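Okay, model-v8.cif is below, mmCIF, C-alpha atoms:
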```cif
data_input
#
loop_
_atom_site.label_atom_id
_atom_site.label_comp_id
_atom_site.auth_asym_id
_atom_site.auth_seq_id
_atom_site.Cartn_x
_atom_site.Cartn_y
_atom_site.Cartn_z
CA GLY M 1 36.70 -47.81 -92.33
CA GLN M 2 39.37 -45.67 -90.70
CA THR M 3 38.17 -42.49 -92.37
CA ARG M 4 34.59 -43.22 -91.36
CA ALA M 5 35.71 -43.67 -87.75
CA ALA M 6 37.58 -40.35 -87.94
CA LEU M 7 34.29 -38.57 -88.66
CA THR M 8 33.00 -39.59 -85.24
CA LEU M 9 36.13 -38.15 -83.61
CA ALA M 10 35.66 -34.75 -85.27
CA THR M 11 33.17 -33.59 -82.64
CA ALA M 12 33.74 -29.86 -83.24
CA LEU M 13 32.68 -30.25 -86.86
CA PRO M 14 28.91 -30.06 -87.48
CA ASP M 15 27.38 -33.16 -89.08
CA ASP M 16 26.28 -31.17 -92.13
CA MET M 17 29.96 -30.42 -92.84
CA LYS M 18 30.94 -34.11 -92.80
CA GLN M 19 30.81 -36.37 -95.82
CA TYR M 20 31.87 -39.97 -96.31
CA HIS M 21 32.70 -41.64 -99.62
CA MET M 22 33.68 -45.30 -99.98
CA ALA M 23 35.81 -45.94 -103.04
CA PRO M 24 35.43 -49.69 -103.58
CA GLU M 25 38.35 -51.63 -104.98
CA VAL M 26 40.76 -48.73 -104.54
CA GLY M 27 43.90 -49.39 -102.54
CA HIS M 28 45.58 -46.92 -100.22
CA TYR M 29 47.81 -45.59 -103.02
CA GLY M 30 44.95 -45.41 -105.51
CA VAL M 31 42.92 -43.16 -103.23
CA PHE M 32 45.46 -40.39 -103.83
CA ASN M 33 46.83 -41.18 -107.28
CA GLY M 34 45.83 -42.38 -110.72
CA ARG M 35 42.70 -42.46 -112.84
CA ARG M 36 40.24 -43.29 -110.05
CA PHE M 37 41.56 -40.40 -107.96
CA ARG M 38 41.41 -38.01 -110.90
CA ASP M 39 38.00 -39.13 -112.19
CA GLU M 40 36.09 -40.05 -109.02
CA ILE M 41 37.71 -38.96 -105.79
CA TYR M 42 39.27 -35.56 -106.53
CA PRO M 43 36.07 -34.07 -108.02
CA ARG M 44 34.20 -34.99 -104.82
CA VAL M 45 36.92 -33.47 -102.62
CA ARG M 46 37.10 -30.33 -104.78
CA ASP M 47 33.33 -29.85 -104.72
CA PHE M 48 33.16 -30.49 -100.96
CA ILE M 49 35.82 -27.85 -100.29
CA ALA M 50 34.10 -25.32 -102.57
CA GLN M 51 30.71 -25.98 -100.97
CA ASN M 52 32.04 -25.49 -97.45
CA GLU M 53 34.08 -22.42 -98.32
CA ALA M 54 30.92 -20.88 -99.76
CA ALA M 55 29.10 -21.73 -96.52
CA GLY M 56 31.64 -19.81 -94.45
CA GLY M 57 34.24 -22.48 -93.83
CA VAL M 58 34.92 -24.58 -90.78
CA PRO M 59 33.93 -23.07 -87.44
CA GLN M 60 36.94 -22.23 -85.28
CA ARG M 61 37.27 -23.54 -81.74
CA SER M 62 38.05 -21.06 -79.03
CA ALA M 63 41.47 -21.16 -77.37
CA ALA M 64 39.77 -22.23 -74.13
CA ALA M 65 38.29 -25.31 -75.85
CA ALA M 66 41.64 -26.41 -77.29
#
```
Encoding of this model in structure tokens:
Amino acid sequence: GQTRAALTLATALPDDMKQYHMAPEVGHYGVFNGRRFRDEIYPRVRDFIAQNEAAGGVPQRSAAAA
């Protein structure tokens, strides 16, 4: 739930560059470690990064907007 809420706070990021994935029955530690991370979560993260790098990356905010 917290990561889903964070997507609404990332207002400078276009919606088409946001993605949400719920990993059911994975604890906080398991999201970043172990078989489920290696087999399910990391491939999604890796592919998301590659897709967005190919699309030109994340748009930068101007210094005035910061």
Just the residues within 12 Å of segment 41-47 of chain M, please, counting all atoms listed in the file, with nothing from its chain fewer than 2 positions along; format it as a short mmCIF file (atom, residue, chain, number, x, y, z; two decimals) with C-alpha atoms, keeping the file's coordinate frame.
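And here's result_15.cif as it stands now:
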```cif
data_model
loop_
_atom_site.label_atom_id
_atom_site.label_comp_id
_atom_site.auth_asym_id
_atom_site.auth_seq_id
_atom_site.Cartn_x
_atom_site.Cartn_y
_atom_site.Cartn_z
CA LYS M 18 30.94 -34.11 -92.80
CA GLN M 19 30.81 -36.37 -95.82
CA TYR M 20 31.87 -39.97 -96.31
CA HIS M 21 32.70 -41.64 -99.62
CA MET M 22 33.68 -45.30 -99.98
CA ALA M 23 35.81 -45.94 -103.04
CA PRO M 24 35.43 -49.69 -103.58
CA VAL M 26 40.76 -48.73 -104.54
CA GLY M 30 44.95 -45.41 -105.51
CA VAL M 31 42.92 -43.16 -103.23
CA PHE M 32 45.46 -40.39 -103.83
CA ASN M 33 46.83 -41.18 -107.28
CA GLY M 34 45.83 -42.38 -110.72
CA ARG M 35 42.70 -42.46 -112.84
CA ARG M 36 40.24 -43.29 -110.05
CA PHE M 37 41.56 -40.40 -107.96
CA ARG M 38 41.41 -38.01 -110.90
CA ASP M 39 38.00 -39.13 -112.19
CA ILE M 49 35.82 -27.85 -100.29
CA ALA M 50 34.10 -25.32 -102.57
CA GLN M 51 30.71 -25.98 -100.97
CA ASN M 52 32.04 -25.49 -97.45
CA GLU M 53 34.08 -22.42 -98.32
CA ALA M 54 30.92 -20.88 -99.76
#
```
Å distance separating atom CA of Pro14 of chain M from atom CA of Ala55 of chain M, one decimal place |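 These atoms are spaced 12.3 Å apart.
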Correct to one decimal, the distance atom CA of Leu9 of chain M-atom CA of Glu25 of chain M is 25.4 Å
Using only C-alpha atoms, pick whichever of M:Gly56, M:Thr11, M:Thr3, M:Phe48 has the shortest atom-to-atom distance to His28 of chain M.
->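 Closest residue, counting only C-alpha atoms: M:Thr3.
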